[in-house]
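File shown: protein_20.cif (mmCIF, C-alpha atoms and all ligand atoms).
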data_input
loop_
_atom_site.group_PDB
_atom_site.id
_atom_site.type_symbol
_atom_site.label_atom_id
_atom_site.label_comp_id
_atom_site.auth_asym_id
_atom_site.auth_seq_id
_atom_site.Cartn_x
_atom_site.Cartn_y
_atom_site.Cartn_z
ATOM 1 C CA MET R 214 27.394 60.139 43.293
ATOM 2 C CA LYS R 215 30.319 60.280 45.662
ATOM 3 C CA SER R 216 31.680 56.931 46.792
ATOM 4 C CA LEU R 217 30.540 55.912 50.243
ATOM 5 C CA ILE R 218 33.483 53.542 50.619
ATOM 6 C CA THR R 219 36.937 54.803 49.671
ATOM 7 C CA GLY R 220 39.245 51.869 50.405
ATOM 8 C CA ILE R 221 40.668 49.981 53.362
ATOM 9 C CA HIS R 222 40.516 51.589 56.830
ATOM 10 C CA HIS R 223 42.307 48.999 58.980
ATOM 11 C CA ILE R 224 43.008 45.272 59.185
ATOM 12 C CA THR R 225 42.894 43.500 62.536
ATOM 13 C CA ALA R 226 44.660 40.259 63.361
ATOM 14 C CA ILE R 227 44.902 37.940 66.340
ATOM 15 C CA ALA R 228 48.447 37.642 67.670
ATOM 16 C CA GLY R 229 50.404 35.792 70.328
ATOM 17 C CA ASN R 230 52.917 37.352 72.705
ATOM 18 C CA PRO R 231 52.294 41.139 72.902
ATOM 19 C CA GLN R 232 55.957 42.178 73.146
ATOM 20 C CA ARG R 233 56.997 40.084 70.148
ATOM 21 C CA ASN R 234 54.073 41.561 68.268
ATOM 22 C CA VAL R 235 55.129 45.140 69.068
ATOM 23 C CA ASP R 236 58.737 44.343 68.177
ATOM 24 C CA PHE R 237 57.783 42.905 64.815
ATOM 25 C CA TYR R 238 55.557 45.710 63.575
ATOM 26 C CA THR R 239 57.445 48.663 65.039
ATOM 27 C CA GLY R 240 60.988 47.278 65.117
ATOM 28 C CA ILE R 241 61.267 45.172 61.981
ATOM 29 C CA LEU R 242 58.596 46.723 59.747
ATOM 30 C CA GLY R 243 59.036 50.248 61.119
ATOM 31 C CA LEU R 244 55.376 51.109 61.588
ATOM 32 C CA ARG R 245 54.441 53.591 64.270
ATOM 33 C CA MET R 246 52.477 52.343 67.252
ATOM 34 C CA VAL R 247 49.723 54.930 67.088
ATOM 35 C CA LYS R 248 47.535 53.560 69.850
ATOM 36 C CA LYS R 249 47.862 51.223 72.780
ATOM 37 C CA THR R 250 44.428 50.414 74.129
ATOM 38 C CA ILE R 251 42.264 47.401 75.015
ATOM 39 C CA ASN R 252 39.910 45.257 73.015
ATOM 40 C CA PHE R 253 36.635 47.073 73.776
ATOM 41 C CA ASP R 254 34.789 43.741 73.620
ATOM 42 C CA ALA R 255 37.349 41.905 75.825
ATOM 43 C CA PRO R 256 39.024 44.457 78.142
ATOM 44 C CA ASP R 257 41.664 42.040 79.475
ATOM 45 C CA VAL R 258 43.315 41.937 76.035
ATOM 46 C CA TYR R 259 45.359 44.686 74.437
ATOM 47 C CA HIS R 260 44.428 46.302 71.147
ATOM 48 C CA PHE R 261 47.499 47.658 69.370
ATOM 49 C CA TYR R 262 47.305 49.941 66.340
ATOM 50 C CA PHE R 263 50.308 50.278 64.023
ATOM 51 C CA GLY R 264 50.376 52.702 61.119
ATOM 52 C CA ASP R 265 51.943 55.788 59.634
ATOM 53 C CA GLU R 266 52.707 58.930 61.624
ATOM 54 C CA PHE R 267 49.056 59.775 62.313
ATOM 55 C CA GLY R 268 47.437 56.371 61.900
ATOM 56 C CA THR R 269 45.892 57.506 58.629
ATOM 57 C CA PRO R 270 43.097 55.196 57.438
ATOM 58 C CA GLY R 271 44.591 52.809 54.904
ATOM 59 C CA THR R 272 47.810 52.391 56.882
ATOM 60 C CA VAL R 273 46.571 50.858 60.135
ATOM 61 C CA PHE R 274 47.286 47.250 61.000
ATOM 62 C CA THR R 275 45.894 46.331 64.405
ATOM 63 C CA THR R 276 46.267 43.314 66.671
ATOM 64 C CA PHE R 277 44.624 41.582 69.603
ATOM 65 C CA PRO R 278 47.592 39.814 71.233
ATOM 66 C CA PHE R 279 46.910 36.798 73.492
ATOM 67 C CA ASP R 280 50.071 35.432 75.047
ATOM 68 C CA GLY R 281 50.162 31.661 74.577
ATOM 69 C CA ALA R 282 47.324 31.647 72.040
ATOM 70 C CA ARG R 283 47.228 28.630 69.780
ATOM 71 C CA LYS R 284 48.172 29.228 66.177
ATOM 72 C CA GLY R 285 45.375 29.426 63.665
ATOM 73 C CA THR R 286 45.635 28.098 60.126
ATOM 74 C CA LYS R 287 45.292 29.879 56.825
ATOM 75 C CA GLY R 288 42.422 28.646 54.713
ATOM 76 C CA THR R 289 39.246 29.572 52.950
ATOM 77 C CA GLY R 290 36.877 32.107 54.417
ATOM 78 C CA GLU R 291 39.813 34.170 55.585
ATOM 79 C CA LEU R 292 41.879 37.187 54.742
ATOM 80 C CA THR R 293 45.147 35.296 54.273
ATOM 81 C CA TYR R 294 47.636 37.996 53.251
ATOM 82 C CA THR R 295 47.891 41.646 54.186
ATOM 83 C CA ALA R 296 49.946 43.533 51.622
ATOM 84 C CA PHE R 297 51.901 46.684 52.434
ATOM 85 C CA SER R 298 53.105 49.123 49.795
ATOM 86 C CA ILE R 299 56.809 49.933 49.414
ATOM 87 C CA PRO R 300 58.740 51.987 46.836
ATOM 88 C CA THR R 301 60.272 49.981 43.992
ATOM 89 C CA SER R 302 63.753 51.206 44.922
ATOM 90 C CA SER R 303 63.428 49.702 48.412
ATOM 91 C CA PHE R 304 62.879 46.089 47.400
ATOM 92 C CA GLY R 305 66.474 44.987 47.942
ATOM 93 C CA TYR R 306 66.627 46.855 51.234
ATOM 94 C CA TRP R 307 63.595 44.957 52.532
ATOM 95 C CA MET R 308 64.896 41.576 51.366
ATOM 96 C CA ASP R 309 68.144 42.288 53.248
ATOM 97 C CA ARG R 310 66.314 43.561 56.326
ATOM 98 C CA LEU R 311 64.076 40.508 56.587
ATOM 99 C CA GLU R 312 67.092 38.240 56.234
ATOM 100 C CA LYS R 313 68.938 40.241 58.896
ATOM 101 C CA TYR R 314 66.127 39.522 61.376
ATOM 102 C CA ASN R 315 65.867 35.862 60.343
ATOM 103 C CA ILE R 316 62.437 36.169 58.767
ATOM 104 C CA PRO R 317 62.076 33.443 56.105
ATOM 105 C CA THR R 318 60.704 34.891 52.862
ATOM 106 C CA SER R 319 59.506 33.744 49.477
ATOM 107 C CA THR R 320 61.696 34.390 46.500
ATOM 108 C CA PRO R 321 60.723 37.644 44.772
ATOM 109 C CA LEU R 322 57.379 37.128 43.010
ATOM 110 C CA THR R 323 55.650 39.102 40.279
ATOM 111 C CA ARG R 324 51.918 39.873 40.293
ATOM 112 C CA PHE R 325 50.136 42.114 37.834
ATOM 113 C CA GLY R 326 53.598 43.296 36.761
ATOM 114 C CA GLU R 327 54.705 44.330 40.260
ATOM 115 C CA LYS R 328 57.400 42.721 42.362
ATOM 116 C CA LEU R 329 56.555 41.423 45.811
ATOM 117 C CA VAL R 330 57.850 39.300 48.649
ATOM 118 C CA ARG R 331 55.776 37.146 50.942
ATOM 119 C CA PHE R 332 56.555 36.222 54.565
ATOM 120 C CA GLU R 333 54.955 35.741 57.974
ATOM 121 C CA ASP R 334 55.204 37.500 61.308
ATOM 122 C CA HIS R 335 56.165 35.581 64.481
ATOM 123 C CA ASP R 336 52.634 34.196 64.762
ATOM 124 C CA GLY R 337 52.281 33.101 61.145
ATOM 125 C CA MET R 338 50.364 36.166 59.908
ATOM 126 C CA GLY R 339 50.673 36.374 56.140
ATOM 127 C CA ILE R 340 52.320 39.564 54.930
ATOM 128 C CA GLU R 341 53.391 40.830 51.536
ATOM 129 C CA LEU R 342 55.434 43.853 50.565
ATOM 130 C CA ILE R 343 54.470 45.025 47.093
ATOM 131 C CA ALA R 344 56.922 47.304 45.288
ATOM 132 C CA ASN R 345 55.406 50.079 43.213
ATOM 133 C CA ASP R 346 55.972 53.715 42.330
ATOM 134 C CA LYS R 347 52.365 54.844 42.071
ATOM 135 C CA ASP R 348 51.899 55.241 45.829
ATOM 136 C CA LYS R 349 52.368 58.906 46.744
ATOM 137 C CA ARG R 350 51.847 58.489 50.505
ATOM 138 C CA LYS R 351 54.705 59.405 52.808
ATOM 139 C CA GLY R 352 54.822 56.389 55.136
ATOM 140 C CA TRP R 353 56.484 56.478 58.532
ATOM 141 C CA THR R 354 59.979 55.928 59.757
ATOM 142 C CA TYR R 355 61.578 56.231 63.154
ATOM 143 C CA GLY R 356 64.852 56.984 61.503
ATOM 144 C CA ASN R 357 66.139 53.400 61.622
ATOM 145 C CA ILE R 358 64.635 52.674 58.254
ATOM 146 C CA PRO R 359 65.617 55.305 55.659
ATOM 147 C CA SER R 360 62.466 57.293 54.958
ATOM 148 C CA GLU R 361 62.714 56.681 51.208
ATOM 149 C CA PHE R 362 62.330 52.941 51.928
ATOM 150 C CA ALA R 363 59.545 53.134 54.530
ATOM 151 C CA ILE R 364 56.272 51.269 54.260
ATOM 152 C CA LYS R 365 53.632 53.691 52.953
ATOM 153 C CA GLY R 366 50.561 51.885 54.240
ATOM 154 C CA PHE R 367 48.462 49.066 52.899
ATOM 155 C CA TYR R 368 48.630 48.016 49.310
ATOM 156 C CA GLY R 369 45.686 45.666 49.737
ATOM 157 C CA ALA R 370 44.475 42.341 51.042
ATOM 158 C CA THR R 371 43.909 38.841 49.732
ATOM 159 C CA LEU R 372 40.676 37.038 50.534
ATOM 160 C CA ASN R 373 40.903 33.278 50.089
ATOM 161 C CA LEU R 374 37.410 32.089 49.145
ATOM 162 C CA LYS R 375 35.702 28.886 47.991
ATOM 163 C CA ALA R 376 33.435 30.905 45.685
ATOM 164 C CA LYS R 377 33.598 34.484 44.553
ATOM 165 C CA ASP R 378 30.290 35.449 42.963
ATOM 166 C CA LEU R 379 28.411 36.582 46.070
ATOM 167 C CA THR R 380 31.420 38.431 47.473
ATOM 168 C CA GLU R 381 32.005 40.068 44.098
ATOM 169 C CA LYS R 382 28.376 41.146 44.030
ATOM 170 C CA LEU R 383 28.693 42.659 47.512
ATOM 171 C CA LEU R 384 31.876 44.545 46.620
ATOM 172 C CA THR R 385 30.769 45.811 43.223
ATOM 173 C CA GLN R 386 27.081 46.505 43.805
ATOM 174 C CA PHE R 387 27.037 47.804 47.355
ATOM 175 C CA MET R 388 30.578 48.777 48.361
ATOM 176 C CA ASP R 389 31.795 51.008 45.506
ATOM 177 C CA TYR R 390 34.371 48.457 44.316
ATOM 178 C CA LYS R 391 35.106 47.751 40.661
ATOM 179 C CA PHE R 392 36.572 44.632 39.074
ATOM 180 C CA LEU R 393 40.024 45.551 37.770
ATOM 181 C CA ALA R 394 41.830 42.465 36.464
ATOM 182 C CA GLU R 395 42.382 38.731 36.762
ATOM 183 C CA GLU R 396 45.632 36.771 36.846
ATOM 184 C CA ASP R 397 46.066 33.074 37.671
ATOM 185 C CA GLY R 398 42.794 32.777 39.581
ATOM 186 C CA ARG R 399 43.368 36.035 41.443
ATOM 187 C CA TYR R 400 40.570 38.561 40.896
ATOM 188 C CA ARG R 401 41.473 42.137 41.680
ATOM 189 C CA PHE R 402 39.042 44.805 42.812
ATOM 190 C CA GLY R 403 39.543 48.427 43.804
ATOM 191 C CA THR R 404 37.624 51.607 44.525
ATOM 192 C CA LYS R 405 40.112 53.738 42.585
ATOM 193 C CA GLY R 406 42.554 50.896 42.002
ATOM 194 C CA GLU R 407 45.324 52.507 44.040
ATOM 195 C CA PRO R 408 47.507 51.179 46.855
ATOM 196 C CA GLY R 409 45.357 51.250 49.978
ATOM 197 C CA ASP R 410 42.129 50.162 48.307
ATOM 198 C CA ILE R 411 42.977 46.860 46.608
ATOM 199 C CA ILE R 412 41.058 43.665 47.397
ATOM 200 C CA ASP R 413 42.131 40.456 45.697
ATOM 201 C CA ILE R 414 39.930 37.377 45.766
ATOM 202 C CA VAL R 415 41.853 34.149 45.290
ATOM 203 C CA LEU R 416 39.546 31.322 44.339
ATOM 204 C CA ASP R 417 40.282 28.127 46.231
ATOM 205 C CA LYS R 418 37.338 25.847 45.505
ATOM 206 C CA ALA R 419 38.890 22.760 47.117
ATOM 207 C CA GLY R 420 40.545 24.650 49.976
ATOM 208 C CA ARG R 421 40.078 23.852 53.631
ATOM 209 C CA GLN R 422 38.347 26.280 55.926
ATOM 210 C CA GLY R 423 40.820 28.418 57.856
ATOM 211 C CA VAL R 424 40.923 28.309 61.655
ATOM 212 C CA GLN R 425 40.881 31.680 63.320
ATOM 213 C CA SER R 426 43.401 32.103 66.116
ATOM 214 C CA ALA R 427 46.857 33.639 66.542
ATOM 215 C CA GLY R 428 48.423 34.538 63.219
ATOM 216 C CA THR R 429 45.174 34.983 61.333
ATOM 217 C CA VAL R 430 43.135 38.047 60.489
ATOM 218 C CA HIS R 431 40.051 38.733 62.569
ATOM 219 C CA HIS R 432 38.456 41.276 60.244
ATOM 220 C CA ILE R 433 39.043 43.923 57.615
ATOM 221 C CA ALA R 434 37.571 47.405 57.922
ATOM 222 C CA PHE R 435 36.707 49.570 54.935
ATOM 223 C CA ARG R 436 36.707 53.314 55.236
ATOM 224 C CA THR R 437 33.918 55.780 54.904
ATOM 225 C CA ASP R 438 34.087 59.546 55.481
ATOM 226 C CA ASN R 439 31.806 60.056 58.444
ATOM 227 C CA GLU R 440 28.812 58.939 60.459
ATOM 228 C CA SER R 441 26.262 59.989 57.865
ATOM 229 C CA SER R 442 27.928 58.082 55.023
ATOM 230 C CA GLN R 443 28.205 55.115 57.385
ATOM 231 C CA LEU R 444 24.468 55.193 58.131
ATOM 232 C CA GLU R 445 23.791 55.366 54.401
ATOM 233 C CA ILE R 446 25.870 52.222 53.757
ATOM 234 C CA GLN R 447 24.270 50.491 56.720
ATOM 235 C CA ARG R 448 20.826 51.213 55.267
ATOM 236 C CA ILE R 449 21.793 49.967 51.803
ATOM 237 C CA LEU R 450 23.338 46.767 53.149
ATOM 238 C CA ILE R 451 20.379 45.984 55.409
ATOM 239 C CA GLU R 452 17.918 46.630 52.577
ATOM 240 C CA ASN R 453 19.815 44.108 50.503
ATOM 241 C CA GLY R 454 19.726 41.369 53.084
ATOM 242 C CA TYR R 455 23.070 41.697 54.863
ATOM 243 C CA HIS R 456 23.056 41.252 58.619
ATOM 244 C CA VAL R 457 24.737 44.435 59.776
ATOM 245 C CA THR R 458 25.320 45.371 63.421
ATOM 246 C CA GLU R 459 24.302 48.620 65.057
ATOM 247 C CA VAL R 460 26.884 51.419 65.062
ATOM 248 C CA LYS R 461 29.582 50.785 67.690
ATOM 249 C CA ASP R 462 31.707 53.565 69.130
ATOM 250 C CA ARG R 463 35.378 52.591 68.860
ATOM 251 C CA ASN R 464 36.566 55.967 70.205
ATOM 252 C CA TYR R 465 38.845 56.623 67.207
ATOM 253 C CA PHE R 466 36.140 55.781 64.665
ATOM 254 C CA LYS R 467 32.581 54.448 64.549
ATOM 255 C CA SER R 468 32.037 50.938 63.231
ATOM 256 C CA ILE R 469 29.468 48.583 61.795
ATOM 257 C CA TYR R 470 30.147 44.907 61.131
ATOM 258 C CA PHE R 471 28.774 42.123 58.961
ATOM 259 C CA ARG R 472 30.040 38.840 57.562
ATOM 260 C CA GLU R 473 30.524 38.765 53.801
ATOM 261 C CA PRO R 474 29.146 35.703 51.982
ATOM 262 C CA GLY R 475 32.583 34.048 51.734
ATOM 263 C CA GLY R 476 33.002 34.067 55.508
ATOM 264 C CA VAL R 477 35.299 37.053 56.148
ATOM 265 C CA LEU R 478 34.180 39.547 58.794
ATOM 266 C CA PHE R 479 33.835 43.011 57.250
ATOM 267 C CA GLU R 480 33.700 46.276 59.150
ATOM 268 C CA ILE R 481 32.971 49.740 57.851
ATOM 269 C CA ALA R 482 34.709 52.414 59.906
ATOM 270 C CA THR R 483 34.599 56.199 59.750
ATOM 271 C CA ASP R 484 37.679 58.300 58.959
ATOM 272 C CA GLU R 485 36.622 60.577 61.814
ATOM 273 C CA PRO R 486 37.692 61.392 64.491
ATOM 274 C CA GLY R 487 41.071 59.599 64.359
ATOM 275 C CA PHE R 488 43.790 58.778 66.870
ATOM 276 C CA ALA R 489 44.602 62.279 68.130
ATOM 277 C CA ILE R 490 41.280 62.448 69.970
ATOM 278 C CA ASP R 491 42.793 61.364 73.308
ATOM 279 C CA GLU R 492 46.522 62.052 73.060
ATOM 280 C CA ASP R 493 48.871 64.462 71.365
ATOM 281 C CA GLU R 494 50.075 63.480 67.885
ATOM 282 C CA ALA R 495 53.690 63.711 69.056
ATOM 283 C CA HIS R 496 53.025 61.070 71.727
ATOM 284 C CA LEU R 497 50.653 58.652 70.042
ATOM 285 C CA GLY R 498 50.811 55.116 71.419
ATOM 286 C CA GLU R 499 52.984 55.877 74.422
ATOM 287 C CA LEU R 500 50.406 55.422 77.206
ATOM 288 C CA LEU R 501 47.667 52.877 77.700
ATOM 289 C CA LYS R 502 44.521 54.692 76.580
ATOM 290 C CA LEU R 503 41.144 53.485 77.776
ATOM 291 C CA PRO R 504 37.634 54.379 76.674
ATOM 292 C CA ASN R 505 35.751 56.428 79.273
ATOM 293 C CA TRP R 506 33.653 53.504 80.461
ATOM 294 C CA ALA R 507 36.788 51.504 81.297
ATOM 295 C CA GLU R 508 38.716 54.296 83.009
ATOM 296 C CA GLN R 509 37.222 53.512 86.441
ATOM 297 C CA HIS R 510 38.633 49.972 86.131
ATOM 298 C CA ARG R 511 42.091 51.104 85.008
ATOM 299 C CA ASP R 512 44.025 49.563 87.914
ATOM 300 C CA LYS R 513 42.403 46.184 87.452
ATOM 301 C CA ILE R 514 42.835 46.305 83.650
ATOM 302 C CA GLU R 515 46.488 47.339 83.856
ATOM 303 C CA SER R 516 47.237 44.614 86.408
ATOM 304 C CA LYS R 517 46.061 41.966 83.937
ATOM 305 C CA LEU R 518 48.034 43.249 80.952
ATOM 306 C CA ALA R 519 51.688 42.329 80.426
ATOM 307 C CA LYS R 520 53.962 45.366 80.233
ATOM 308 C CA VAL R 521 55.165 46.133 76.725
ATOM 309 C CA GLN R 522 57.762 48.590 75.500
ATOM 310 C CA LEU R 523 59.085 49.968 72.252
ATOM 311 C CA ASN R 524 62.510 48.524 71.466
ATOM 312 C CA ILE R 525 63.167 50.594 68.387
ATOM 313 C CA SER R 526 66.855 51.147 69.002
ATOM 314 C CA THR R 527 67.549 47.402 68.961
ATOM 315 C CA TYR R 528 66.190 47.231 65.393
ATOM 316 C CA ALA R 529 68.612 49.534 63.682
HETATM 317 ZN ZN ZN R 601 38.144 46.856 63.358
#
Please render this file's structure as structure tokens.
Ligand code: ZN
Amino acid sequence: MKSLITGIHHITAIAGNPQRNVDFYTGILGLRMVKKTINFDAPDVYHFYFGDEFGTPGTVFTTFPFDGARKGTKGTGELTYTAFSIPTSSFGYWMDRLEKYNIPTSTPLTRFGEKLVRFEDHDGMGIELIANDKDKRKGWTYGNIPSEFAIKGFYGATLNLKAKDLTEKLLTQFMDYKFLAEEDGRYRFGTKGEPGDIIDIVLDKAGRQGVQSAGTVHHIAFRTDNESSQLEIQRILIENGYHVTEVKDRNYFKSIYFREPGGVLFEIATDEPGFAIDEDEAHLGELLKLPNWAEQHRDKIESKLAKVQLNISTYA
């Protein structure tokens, strides 16, 4: 049977100042801002989407920025690190680039035989760049970052959990994930085991519960092909006792949500229709896009949102 879930769709974090957030992900990391819209559940807050050229599922990191938001804390029940995939040959380039923009980093680490560096964005969001040569995706560059060094999309994500058995059962029995390997209390799962589908569970039995606010992840979305595969997963999850929401229309994909047993909010989002549904691919992310129901309130919504701009040229 074909897999209903094929990897990670997007990861969404809470952020602080919107302009600093845009500068970090587009300027320093070189992701493309593929959509500038609002949080559909809280229209006075932006929802930014950063990804590759088209916002391909598996590359899209999204944020809800609240200026002045208190910082959250990393802990159990949270997705603590979002890992992006970079080519092995770019590792030195990225270490130099992060230093150039005064981003404190870990020393180079090795995990499952691959080199990585760990750091945080301006709000304390945990990020890793994992160097590997198995990722065939193209990535995105504005030209400031040489294209051969560009981030290709997600590598995977780390869930920090007090216990793993129930989450492992969810992933492996109902979400098409397979256990791949274990190293130092880190349990790796994948659908195919490729960059873009990796979920690591780090067991932290004595850990403190994380506090969700700026600099922490709000949820992770897994990808499924279309609305019919989504309904199939929804049915399977509900039959097995998970409390899954109704299908919500997020304009660029359809979504269902449920909390996994370890406390992390999971979403399952469709690959269709994608980000070109309401603006040309050449101009993704340039204008504030609103869902139809919010369009009549555009003036009021825009008046409450701080202006943000792309400052790509200042991040050479
Ligand atoms: Zn989402």
From the set R:Lys375, R:Ile411, R:Asp348, R:His432, which residue has the shortest atom-to-atom contact distance to Phe392 (chain R), counting only C-alpha atoms?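 So, comparing all the options, the nearest one is R:Ile411.
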Running the PyMOL selection byres (((chain R and resi 254) around 12) and not hetatm) on this model by hand, what would come out? Give it as a PDB file with C-alpha atoms, keeping the file's coordinate frame.
ATOM      1  CA  THR R 250      44.428  50.414  74.129  1.00  0.00           C
ATOM      2  CA  ILE R 251      42.264  47.401  75.015  1.00  0.00           C
ATOM      3  CA  ASN R 252      39.910  45.257  73.015  1.00  0.00           C
ATOM      4  CA  PHE R 253      36.635  47.073  73.776  1.00  0.00           C
ATOM      5  CA  ALA R 255      37.349  41.905  75.825  1.00  0.00           C
ATOM      6  CA  PRO R 256      39.024  44.457  78.142  1.00  0.00           C
ATOM      7  CA  ASP R 257      41.664  42.040  79.475  1.00  0.00           C
ATOM      8  CA  VAL R 258      43.315  41.937  76.035  1.00  0.00           C
ATOM      9  CA  TYR R 259      45.359  44.686  74.437  1.00  0.00           C
ATOM     10  CA  HIS R 260      44.428  46.302  71.147  1.00  0.00           C
ATOM     11  CA  PHE R 277      44.624  41.582  69.603  1.00  0.00           C
ATOM     12  CA  LYS R 461      29.582  50.785  67.690  1.00  0.00           C
ATOM     13  CA  ASP R 462      31.707  53.565  69.130  1.00  0.00           C
ATOM     14  CA  ARG R 463      35.378  52.591  68.860  1.00  0.00           C
ATOM     15  CA  PRO R 504      37.634  54.379  76.674  1.00  0.00           C
ATOM     16  CA  TRP R 506      33.653  53.504  80.461  1.00  0.00           C
ATOM     17  CA  ALA R 507      36.788  51.504  81.297  1.00  0.00           C
TER      18      ALA R 507
END
Mind telling me what the PyMOL selection byres (((chain R and resi 217) around 9) and not hetatm) catches here, as a list in words?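 Checked against the file, the PyMOL selection byres (((chain R and resi 217) around 9) and not hetatm) matches Met214, Lys215, Ser216, Ile218, Thr219, Met388, Asp389, Arg436, Thr437, Asp438, Ser442, Gln443, Glu445 and Ile446 of chain R.
Shortest atom-to-atom contact with ligand ZN 601 (chain R) among R:Tyr390, R:Phe267, R:Tyr528, R:Tyr465: R:Tyr465, counting only C-alpha atoms and all ligand atoms.
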Within 12 Å of ligand ZN 601 (chain R), counting all atoms listed in the file, which protein or nucleic acid residues do you find, written as a ChimeraX atom specification? /R:221-227,252-254,260-262,270,273-277,430-436,461-471,478-483
Saved region 310-316 of chain R from the preceding structure, all heavy atoms, as a compact mmCIF listing (two decimals), in the first residue's frame:
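Output contents, as saved in result30.txt:
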# COMPACT_ATOMS: atom_id res chain seq x y z
N ARG R 310 29.67 32.00 7.96
CA ARG R 310 28.54 32.92 7.79
C ARG R 310 27.87 33.22 9.14
O ARG R 310 27.50 34.36 9.43
CB ARG R 310 27.54 32.33 6.80
CG ARG R 310 26.38 33.26 6.46
CD ARG R 310 25.56 32.73 5.30
NE ARG R 310 24.47 33.64 4.99
CZ ARG R 310 24.58 34.74 4.22
NH1 ARG R 310 25.74 35.02 3.67
NH2 ARG R 310 23.55 35.52 4.00
N LEU R 311 27.69 32.19 9.94
CA LEU R 311 27.04 32.41 11.24
C LEU R 311 27.91 33.29 12.13
O LEU R 311 27.42 34.16 12.84
CB LEU R 311 26.74 31.05 11.90
CG LEU R 311 25.70 30.22 11.14
CD1 LEU R 311 25.68 28.78 11.64
CD2 LEU R 311 24.30 30.84 11.28
N GLU R 312 29.22 33.08 12.05
CA GLU R 312 30.13 33.92 12.83
C GLU R 312 30.07 35.37 12.34
O GLU R 312 30.03 36.31 13.14
CB GLU R 312 31.56 33.38 12.71
CG GLU R 312 32.51 34.08 13.66
CD GLU R 312 33.96 33.62 13.50
OE1 GLU R 312 34.22 32.68 12.71
OE2 GLU R 312 34.80 34.22 14.17
N LYS R 313 30.01 35.53 11.02
CA LYS R 313 29.95 36.87 10.43
C LYS R 313 28.74 37.66 10.94
O LYS R 313 28.81 38.86 11.14
CB LYS R 313 29.87 36.70 8.91
CG LYS R 313 29.76 37.98 8.10
CD LYS R 313 29.86 37.59 6.62
CE LYS R 313 29.38 38.70 5.71
NZ LYS R 313 29.33 38.24 4.31
N TYR R 314 27.63 36.97 11.17
CA TYR R 314 26.43 37.65 11.66
C TYR R 314 26.24 37.48 13.17
O TYR R 314 25.14 37.65 13.70
CB TYR R 314 25.20 37.20 10.86
CG TYR R 314 25.31 37.69 9.43
CD1 TYR R 314 25.55 36.83 8.38
CD2 TYR R 314 25.25 39.06 9.16
CE1 TYR R 314 25.70 37.30 7.09
CE2 TYR R 314 25.41 39.55 7.88
CZ TYR R 314 25.63 38.66 6.85
OH TYR R 314 25.80 39.14 5.57
N ASN R 315 27.34 37.17 13.85
CA ASN R 315 27.36 37.11 15.32
C ASN R 315 26.33 36.15 15.90
O ASN R 315 25.70 36.45 16.91
CB ASN R 315 27.14 38.51 15.90
CG ASN R 315 28.23 39.47 15.48
OD1 ASN R 315 29.41 39.13 15.59
ND2 ASN R 315 27.86 40.62 14.95
N ILE R 316 26.15 35.02 15.24
CA ILE R 316 25.26 33.99 15.77
C ILE R 316 26.13 32.98 16.51
O ILE R 316 26.93 32.28 15.89
CB ILE R 316 24.50 33.25 14.64
CG1 ILE R 316 23.82 34.24 13.67
CG2 ILE R 316 23.49 32.27 15.22
CD1 ILE R 316 22.73 35.08 14.25
